[in-house]
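> Provided below: target.pdb, containing PDB, C-alpha atoms.
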```pdb
ATOM      1  CA  MET K  24       0.000   0.000   0.000
ATOM      2  CA  ILE K  25       2.816   2.405   0.724
ATOM      3  CA  GLY K  26       3.988   2.044  -2.857
ATOM      4  CA  ALA K  27       0.769   3.787  -3.925
ATOM      5  CA  MET K  28       2.015   7.089  -2.589
ATOM      6  CA  ALA K  29       1.192   9.109  -5.695
ATOM      7  CA  GLU K  30       0.662  12.804  -5.341
ATOM      8  CA  ALA K  31      -2.757  13.707  -3.961
ATOM      9  CA  SER K  32      -5.074  15.528  -6.327
ATOM     10  CA  PRO K  33      -5.391  19.227  -5.563
ATOM     11  CA  VAL K  34      -8.346  20.130  -3.377
ATOM     12  CA  SER K  35     -10.166  23.380  -4.066
ATOM     13  CA  ASN K  36     -11.209  23.912  -0.445
ATOM     14  CA  PRO K  37      -8.670  22.333   1.927
ATOM     15  CA  LEU K  38     -10.806  22.355   5.081
ATOM     16  CA  TYR K  39      -8.750  19.456   6.397
ATOM     17  CA  LEU K  40      -5.882  21.948   6.924
ATOM     18  CA  ARG K  41      -7.835  24.113   9.365
ATOM     19  CA  ASP K  42      -6.343  24.256  12.855
ATOM     20  CA  GLU K  43      -9.285  22.393  14.370
ATOM     21  CA  GLU K  44      -8.930  19.533  11.858
ATOM     22  CA  LEU K  45      -5.182  19.331  12.496
ATOM     23  CA  ARG K  46      -5.809  19.189  16.247
ATOM     24  CA  ARG K  47      -8.452  16.489  15.705
ATOM     25  CA  GLY K  48      -5.929  14.434  13.727
ATOM     26  CA  ILE K  49      -3.320  14.826  16.450
ATOM     27  CA  GLU K  50      -5.821  13.810  19.108
ATOM     28  CA  LEU K  51      -6.920  10.773  17.098
ATOM     29  CA  LEU K  52      -3.270   9.782  16.800
ATOM     30  CA  PHE K  53      -2.855   9.969  20.589
ATOM     31  CA  TYR K  54      -5.970   7.841  21.181
ATOM     32  CA  ALA K  55      -5.020   5.351  18.483
ATOM     33  CA  TYR K  56      -1.512   4.958  19.941
ATOM     34  CA  ARG K  57      -2.978   4.483  23.432
ATOM     35  CA  ASP K  58      -5.212   1.657  22.262
ATOM     36  CA  PHE K  59      -2.669   0.198  19.815
ATOM     37  CA  THR K  60      -0.208  -0.261  22.687
ATOM     38  CA  SER K  61      -2.718  -1.327  25.349
ATOM     39  CA  ASP K  62      -2.784  -5.061  24.533
ATOM     40  CA  PRO K  63       1.011  -5.452  24.356
ATOM     41  CA  ASP K  64       1.365  -3.354  27.521
ATOM     42  CA  GLU K  65      -0.687  -5.931  29.433
ATOM     43  CA  ILE K  66       1.449  -8.771  28.062
ATOM     44  CA  LEU K  67       4.676  -6.899  28.861
ATOM     45  CA  LYS K  68       3.612  -6.501  32.508
ATOM     46  CA  ARG K  69       3.818 -10.286  32.946
ATOM     47  CA  TYR K  70       7.527 -10.092  32.158
ATOM     48  CA  ARG K  71       8.119  -6.809  34.002
ATOM     49  CA  PHE K  72       8.999  -5.263  30.631
ATOM     50  CA  GLY K  73       8.047  -1.900  29.187
ATOM     51  CA  ARG K  74       7.535  -0.414  25.755
ATOM     52  CA  ALA K  75      11.295  -0.065  25.210
ATOM     53  CA  HIS K  76      11.561  -3.868  25.465
ATOM     54  CA  HIS K  77       8.748  -4.190  22.959
ATOM     55  CA  ARG K  78      10.461  -1.882  20.467
ATOM     56  CA  VAL K  79      13.755  -3.768  20.779
ATOM     57  CA  VAL K  80      12.048  -7.151  20.331
ATOM     58  CA  HIS K  81      10.106  -5.795  17.345
ATOM     59  CA  PHE K  82      13.093  -4.358  15.495
ATOM     60  CA  VAL K  83      15.415  -7.272  16.248
ATOM     61  CA  GLY K  84      12.662  -9.626  15.059
ATOM     62  CA  ARG K  85      12.172  -7.648  11.852
ATOM     63  CA  ASN K  86      15.933  -7.305  11.269
ATOM     64  CA  PRO K  87      17.728 -10.495  12.371
ATOM     65  CA  GLY K  88      21.452  -9.839  12.716
ATOM     66  CA  ILE K  89      20.971  -6.109  13.282
ATOM     67  CA  SER K  90      23.955  -4.477  14.941
ATOM     68  CA  VAL K  91      23.640  -2.593  18.184
ATOM     69  CA  ALA K  92      24.694   0.585  16.326
ATOM     70  CA  GLU K  93      21.939   0.103  13.732
ATOM     71  CA  LEU K  94      19.368  -0.515  16.469
ATOM     72  CA  LEU K  95      20.473   2.642  18.265
ATOM     73  CA  ALA K  96      19.999   4.594  15.034
ATOM     74  CA  ILE K  97      16.467   3.230  14.565
ATOM     75  CA  LEU K  98      15.348   3.769  18.156
ATOM     76  CA  LYS K  99      17.131   7.094  18.616
ATOM     77  CA  ILE K 100      17.901   6.361  22.253
ATOM     78  CA  THR K 101      21.121   6.505  24.246
ATOM     79  CA  LYS K 102      23.524   3.579  24.488
ATOM     80  CA  GLN K 103      22.860   3.528  28.216
ATOM     81  CA  SER K 104      19.080   3.189  27.749
ATOM     82  CA  LEU K 105      19.493   0.413  25.189
ATOM     83  CA  SER K 106      22.096  -1.357  27.298
ATOM     84  CA  ARG K 107      19.738  -1.665  30.253
ATOM     85  CA  VAL K 108      16.879  -3.058  28.126
ATOM     86  CA  LEU K 109      19.082  -5.272  25.970
ATOM     87  CA  SER K 110      20.924  -6.730  28.978
ATOM     88  CA  GLN K 111      17.609  -7.772  30.492
ATOM     89  CA  LEU K 112      16.358  -9.320  27.231
ATOM     90  CA  VAL K 113      19.623 -11.247  26.808
ATOM     91  CA  ALA K 114      19.710 -12.381  30.462
ATOM     92  CA  ASP K 115      16.099 -13.577  30.240
ATOM     93  CA  GLY K 116      16.788 -15.526  27.048
ATOM     94  CA  PHE K 117      14.805 -13.483  24.514
ATOM     95  CA  ILE K 118      17.746 -12.157  22.500
ATOM     96  CA  ARG K 119      21.145 -13.601  21.692
ATOM     97  CA  GLN K 120      24.216 -11.641  20.682
ATOM     98  CA  GLU K 121      26.883 -12.789  18.239
ATOM     99  CA  LYS K 122      30.148 -11.147  17.305
ATOM    100  CA  GLY K 123      30.329  -9.735  13.799
ATOM    101  CA  THR K 124      32.209 -11.805  11.237
ATOM    102  CA  ARG K 125      34.016  -8.801   9.710
ATOM    103  CA  ASP K 126      34.339  -6.747  12.867
ATOM    104  CA  ARG K 127      34.616  -8.805  16.045
ATOM    105  CA  ARG K 128      33.744  -5.718  18.146
ATOM    106  CA  GLN K 129      30.352  -5.561  16.471
ATOM    107  CA  ARG K 130      27.455  -7.199  18.310
ATOM    108  CA  LEU K 131      24.744  -8.678  16.104
ATOM    109  CA  LEU K 132      21.342  -9.322  17.633
ATOM    110  CA  TYR K 133      18.893 -12.165  17.025
ATOM    111  CA  LEU K 134      15.688 -13.276  18.698
ATOM    112  CA  THR K 135      15.908 -16.627  20.396
ATOM    113  CA  GLU K 136      13.037 -19.097  20.073
ATOM    114  CA  ARG K 137      11.632 -17.583  23.254
ATOM    115  CA  GLY K 138      12.059 -14.104  21.729
ATOM    116  CA  VAL K 139      10.209 -15.110  18.566
ATOM    117  CA  GLU K 140       7.324 -16.378  20.707
ATOM    118  CA  LEU K 141       7.245 -13.099  22.665
ATOM    119  CA  GLU K 142       7.337 -11.016  19.474
ATOM    120  CA  GLN K 143       4.433 -13.002  18.019
ATOM    121  CA  THR K 144       2.456 -12.741  21.248
ATOM    122  CA  LEU K 145       2.985  -8.970  21.381
ATOM    123  CA  SER K 146       2.252  -8.316  17.724
ATOM    124  CA  ARG K 147      -0.765 -10.626  17.369
ATOM    125  CA  PRO K 148      -3.297  -8.214  18.918
ATOM    126  CA  GLN K 149      -1.729  -5.283  17.072
ATOM    127  CA  ARG K 150      -1.910  -7.089  13.728
ATOM    128  CA  ALA K 151      -5.550  -7.955  14.440
ATOM    129  CA  ARG K 152      -6.335  -4.339  15.346
ATOM    130  CA  VAL K 153      -4.654  -2.993  12.191
ATOM    131  CA  ALA K 154      -6.278  -5.666   9.990
ATOM    132  CA  ARG K 155      -9.721  -4.763  11.369
ATOM    133  CA  ALA K 156      -9.132  -1.056  10.802
ATOM    134  CA  TYR K 157      -7.839  -1.710   7.267
ATOM    135  CA  ARG K 158     -10.899  -3.845   6.437
ATOM    136  CA  GLU K 159     -13.264  -1.190   7.775
ATOM    137  CA  ALA K 160     -11.490   1.642   5.943
ATOM    138  CA  GLY K 161     -10.922  -0.008   2.573
ATOM    139  CA  GLU K 162      -7.993  -0.065   0.190
ATOM    140  CA  THR K 163      -8.075   3.590  -0.859
ATOM    141  CA  ALA K 164      -8.186   4.811   2.738
ATOM    142  CA  VAL K 165      -5.331   2.470   3.695
ATOM    143  CA  ALA K 166      -3.179   3.885   0.901
ATOM    144  CA  GLY K 167      -3.981   7.404   2.160
ATOM    145  CA  TYR K 168      -3.230   6.410   5.747
ATOM    146  CA  CYS K 169       0.149   5.000   4.732
ATOM    147  CA  LYS K 170       0.900   8.178   2.825
ATOM    148  CA  VAL K 171       0.024  10.312   5.860
ATOM    149  CA  LEU K 172       2.173   8.174   8.180
ATOM    150  CA  ALA K 173       5.081   8.347   5.745
ATOM    151  CA  GLY K 174       4.648  12.119   5.673
ATOM    152  CA  LEU K 175       5.055  12.234   9.464
ATOM    153  CA  ILE K 176       8.516  10.647   9.234
ATOM    154  CA  ASN K 177      11.409  13.124   9.153
ATOM    155  CA  GLU K 178      12.130  13.924   5.533
ATOM    156  CA  ASP K 179      15.853  13.146   5.775
ATOM    157  CA  GLU K 180      15.087   9.538   6.782
ATOM    158  CA  ARG K 181      11.839   8.905   4.944
ATOM    159  CA  GLU K 182      13.141   7.155   1.823
ATOM    160  CA  GLN K 183      15.525   4.957   3.795
ATOM    161  CA  ILE K 184      12.770   3.909   6.200
ATOM    162  CA  LEU K 185      10.231   3.262   3.452
ATOM    163  CA  THR K 186      12.795   1.121   1.629
ATOM    164  CA  SER K 187      13.723  -0.774   4.821
ATOM    165  CA  ILE K 188      10.102  -1.694   5.581
ATOM    166  CA  GLY K 189       9.614  -3.087   2.118
ATOM    167  CA  ARG K 190       7.909  -0.388   0.133
ATOM    168  CA  PRO K 191       7.545  -1.748  -3.402
TER     169      PRO K 191
END
```
When written as structure tokens, how does the structure in this file appear?


Amino acid sequence: MIGAMAEASPVSNPLYLRDEELRRGIELLFYAYRDFTSDPDEILKRYRFGRAHHRVVHFVGRNPGISVAELLAILKITKQSLSRVLSQLVADGFIRQEKGTRDRRQRLLYLTERGVELEQTLSRPQRARVARAYREAGETAVAGYCKVLAGLINEDEREQILTSIGRP
């Protein structure tokens, strides 16, 4: 769907750009994020994990063999913050680290079998929620939604991110 990011046709009366509409969109985004994260938050509590753990598990699961440096660049957090979360995930058997083949100082990250199970458990309710919303909205709306989300990404990273997530 993201590949269908053609230019929008000009609108003669762009009421959607009024301040009240922009605020409504922002508020909807806050509510959607609250509910989108609510199911995984409940699951994470069982492990005494937080959303940072979820993000690490997600991105390591989507990018097996990702380096710590690459993960830091994606998450835009400090080494110290990642170290605390990553140490816990490694100690609890959700992530394994391997030394890089070209650079032995490099640490490459992989989900363990237990990590794969956690990632699937966390993403299952989110995938169901997104699938339901996509079905209710329809293909054209989904393409527009993807275009709006892409537009929210910082311009200097947008193309790289869209390519990395598999935009056709």

> Which distance in Å separates atom CA of Ile66 of chain K and atom CA of Leu145 of chain K, to one decimal?

6.9 Å

> Can you tell me which residues surround Gly116 of chain K at a distance of at most 10 Å, considering only C-alpha atoms, apart from same-chain residues fewer than 3 positions away, and format the answer as a list in words?

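So, after excluding close chain neighbours, the residues are Ser110, Gln111, Leu112, Val113, Arg119, Leu134, Thr135, Glu136, Arg137 and Gly138 of chain K.
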
> For the PyMOL selection byres ((chain K and resi 74-88) around 9), applied here, can you spell out every residue it catches as a VMD selection string?

chain K and resid 60 63 to 64 67 72 to 73 89 to 90 94 97 to 98 104 to 105 108 to 109 111 to 112 117 to 118 120 to 121 123 130 to 134 138 to 139 141 to 142 145 to 146 188

> How many Å lie between atom CA of Val165 of chain K and atom CA of Thr144 of chain K, rounded to one decimal?

24.5 Å

> In Å, rounded to a single decimal, give me how far atom CA of Ile100 of chain K is from atom CA of Ala173 of chain K.

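Answer for the atom CA of Ala173 of chain K to atom CA of Ile100 of chain K separation: 21.0 Å.
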
> Distance table requested - segment 34-145 of chain K against segment 150-157 of chain K, cut-off 10 Å, only C-alpha atoms: one row per qualifying residue with the closest atom pair and its distance in Å to one decimal, ordered by chain and rising residue number, as a Markdown table.


```
| residue | atom | partner | partner_atom | distance |
| --- | --- | --- | --- | --- |
| K:Asp58 | CA | K:Arg152 | CA | 9.2 |
| K:Phe59 | CA | K:Arg152 | CA | 7.3 |
| K:Asp62 | CA | K:Arg152 | CA | 9.9 |
| K:Gln143 | CA | K:Arg150 | CA | 9.7 |
| K:Leu145 | CA | K:Arg150 | CA | 9.3 |
```

> Using all atoms listed in the file, pick whichever of K:Glu43, K:Thr124, K:Gln149, K:Lys102 has the shortest atom-to-atom distance to Ser61 of chain K.

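So, comparing all the options, the nearest one is K:Gln149.
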
> Using the atoms already present, construct N, CA and C atoms for segment 62-88 of chain K and hand them back as a PDB file, keeping the file's coordinate frame.


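Listed below is the output, rebuild-v2.pdb:
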```
ATOM      1  N   ASP K  62      -2.864  -3.588  24.431  1.00  0.00           N
ATOM      2  CA  ASP K  62      -2.784  -5.061  24.533  1.00  0.00           C
ATOM      3  C   ASP K  62      -1.348  -5.515  24.811  1.00  0.00           C
ATOM      4  N   PRO K  63      -0.366  -5.057  24.040  1.00  0.00           N
ATOM      5  CA  PRO K  63       1.011  -5.452  24.356  1.00  0.00           C
ATOM      6  C   PRO K  63       1.454  -4.992  25.745  1.00  0.00           C
ATOM      7  N   ASP K  64       0.997  -3.827  26.184  1.00  0.00           N
ATOM      8  CA  ASP K  64       1.365  -3.354  27.521  1.00  0.00           C
ATOM      9  C   ASP K  64       0.957  -4.357  28.593  1.00  0.00           C
ATOM     10  N   GLU K  65      -0.227  -4.926  28.468  1.00  0.00           N
ATOM     11  CA  GLU K  65      -0.687  -5.931  29.433  1.00  0.00           C
ATOM     12  C   GLU K  65       0.196  -7.179  29.399  1.00  0.00           C
ATOM     13  N   ILE K  66       0.579  -7.597  28.209  1.00  0.00           N
ATOM     14  CA  ILE K  66       1.449  -8.771  28.062  1.00  0.00           C
ATOM     15  C   ILE K  66       2.832  -8.464  28.650  1.00  0.00           C
ATOM     16  N   LEU K  67       3.354  -7.289  28.371  1.00  0.00           N
ATOM     17  CA  LEU K  67       4.676  -6.899  28.861  1.00  0.00           C
ATOM     18  C   LEU K  67       4.740  -6.884  30.385  1.00  0.00           C
ATOM     19  N   LYS K  68       3.648  -6.530  31.038  1.00  0.00           N
ATOM     20  CA  LYS K  68       3.612  -6.501  32.508  1.00  0.00           C
ATOM     21  C   LYS K  68       3.956  -7.859  33.101  1.00  0.00           C
ATOM     22  N   ARG K  69       3.539  -8.929  32.443  1.00  0.00           N
ATOM     23  CA  ARG K  69       3.818 -10.286  32.946  1.00  0.00           C
ATOM     24  C   ARG K  69       5.317 -10.553  33.039  1.00  0.00           C
ATOM     25  N   TYR K  70       6.080  -9.889  32.198  1.00  0.00           N
ATOM     26  CA  TYR K  70       7.527 -10.092  32.158  1.00  0.00           C
ATOM     27  C   TYR K  70       8.286  -8.984  32.885  1.00  0.00           C
ATOM     28  N   ARG K  71       7.542  -8.017  33.415  1.00  0.00           N
ATOM     29  CA  ARG K  71       8.119  -6.809  34.002  1.00  0.00           C
ATOM     30  C   ARG K  71       8.932  -6.039  32.961  1.00  0.00           C
ATOM     31  N   PHE K  72       8.392  -5.993  31.736  1.00  0.00           N
ATOM     32  CA  PHE K  72       8.999  -5.263  30.631  1.00  0.00           C
ATOM     33  C   PHE K  72       8.158  -4.037  30.332  1.00  0.00           C
ATOM     34  N   GLY K  73       8.752  -3.103  29.619  1.00  0.00           N
ATOM     35  CA  GLY K  73       8.047  -1.900  29.187  1.00  0.00           C
ATOM     36  C   GLY K  73       8.069  -1.777  27.673  1.00  0.00           C
ATOM     37  N   ARG K  74       7.622  -0.641  27.199  1.00  0.00           N
ATOM     38  CA  ARG K  74       7.535  -0.414  25.755  1.00  0.00           C
ATOM     39  C   ARG K  74       8.906  -0.420  25.078  1.00  0.00           C
ATOM     40  N   ALA K  75       9.946  -0.026  25.799  1.00  0.00           N
ATOM     41  CA  ALA K  75      11.295  -0.065  25.210  1.00  0.00           C
ATOM     42  C   ALA K  75      11.669  -1.508  24.878  1.00  0.00           C
ATOM     43  N   HIS K  76      11.306  -2.447  25.742  1.00  0.00           N
ATOM     44  CA  HIS K  76      11.561  -3.868  25.465  1.00  0.00           C
ATOM     45  C   HIS K  76      10.814  -4.298  24.212  1.00  0.00           C
ATOM     46  N   HIS K  77       9.568  -3.839  24.112  1.00  0.00           N
ATOM     47  CA  HIS K  77       8.748  -4.190  22.959  1.00  0.00           C
ATOM     48  C   HIS K  77       9.390  -3.690  21.670  1.00  0.00           C
ATOM     49  N   ARG K  78       9.842  -2.442  21.674  1.00  0.00           N
ATOM     50  CA  ARG K  78      10.461  -1.882  20.467  1.00  0.00           C
ATOM     51  C   ARG K  78      11.723  -2.656  20.082  1.00  0.00           C
ATOM     52  N   VAL K  79      12.536  -3.004  21.068  1.00  0.00           N
ATOM     53  CA  VAL K  79      13.755  -3.768  20.779  1.00  0.00           C
ATOM     54  C   VAL K  79      13.394  -5.128  20.201  1.00  0.00           C
ATOM     55  N   VAL K  80      12.466  -5.836  20.829  1.00  0.00           N
ATOM     56  CA  VAL K  80      12.048  -7.151  20.331  1.00  0.00           C
ATOM     57  C   VAL K  80      11.482  -7.016  18.917  1.00  0.00           C
ATOM     58  N   HIS K  81      10.683  -5.998  18.683  1.00  0.00           N
ATOM     59  CA  HIS K  81      10.106  -5.795  17.345  1.00  0.00           C
ATOM     60  C   HIS K  81      11.197  -5.618  16.299  1.00  0.00           C
ATOM     61  N   PHE K  82      12.107  -4.672  16.526  1.00  0.00           N
ATOM     62  CA  PHE K  82      13.093  -4.358  15.495  1.00  0.00           C
ATOM     63  C   PHE K  82      14.151  -5.443  15.330  1.00  0.00           C
ATOM     64  N   VAL K  83      14.491  -6.136  16.395  1.00  0.00           N
ATOM     65  CA  VAL K  83      15.415  -7.272  16.248  1.00  0.00           C
ATOM     66  C   VAL K  83      14.707  -8.391  15.487  1.00  0.00           C
ATOM     67  N   GLY K  84      13.432  -8.604  15.774  1.00  0.00           N
ATOM     68  CA  GLY K  84      12.662  -9.626  15.059  1.00  0.00           C
ATOM     69  C   GLY K  84      12.509  -9.313  13.581  1.00  0.00           C
ATOM     70  N   ARG K  85      12.337  -8.054  13.250  1.00  0.00           N
ATOM     71  CA  ARG K  85      12.172  -7.648  11.852  1.00  0.00           C
ATOM     72  C   ARG K  85      13.501  -7.562  11.111  1.00  0.00           C
ATOM     73  N   ASN K  86      14.606  -7.486  11.865  1.00  0.00           N
ATOM     74  CA  ASN K  86      15.933  -7.305  11.269  1.00  0.00           C
ATOM     75  C   ASN K  86      16.941  -8.253  11.917  1.00  0.00           C
ATOM     76  N   PRO K  87      16.789  -9.562  11.736  1.00  0.00           N
ATOM     77  CA  PRO K  87      17.728 -10.495  12.371  1.00  0.00           C
ATOM     78  C   PRO K  87      19.170 -10.168  11.980  1.00  0.00           C
ATOM     79  N   GLY K  88      20.058 -10.162  12.972  1.00  0.00           N
ATOM     80  CA  GLY K  88      21.452  -9.839  12.716  1.00  0.00           C
ATOM     81  C   GLY K  88      21.748  -8.351  12.738  1.00  0.00           C
TER      82      GLY K  88
END
```
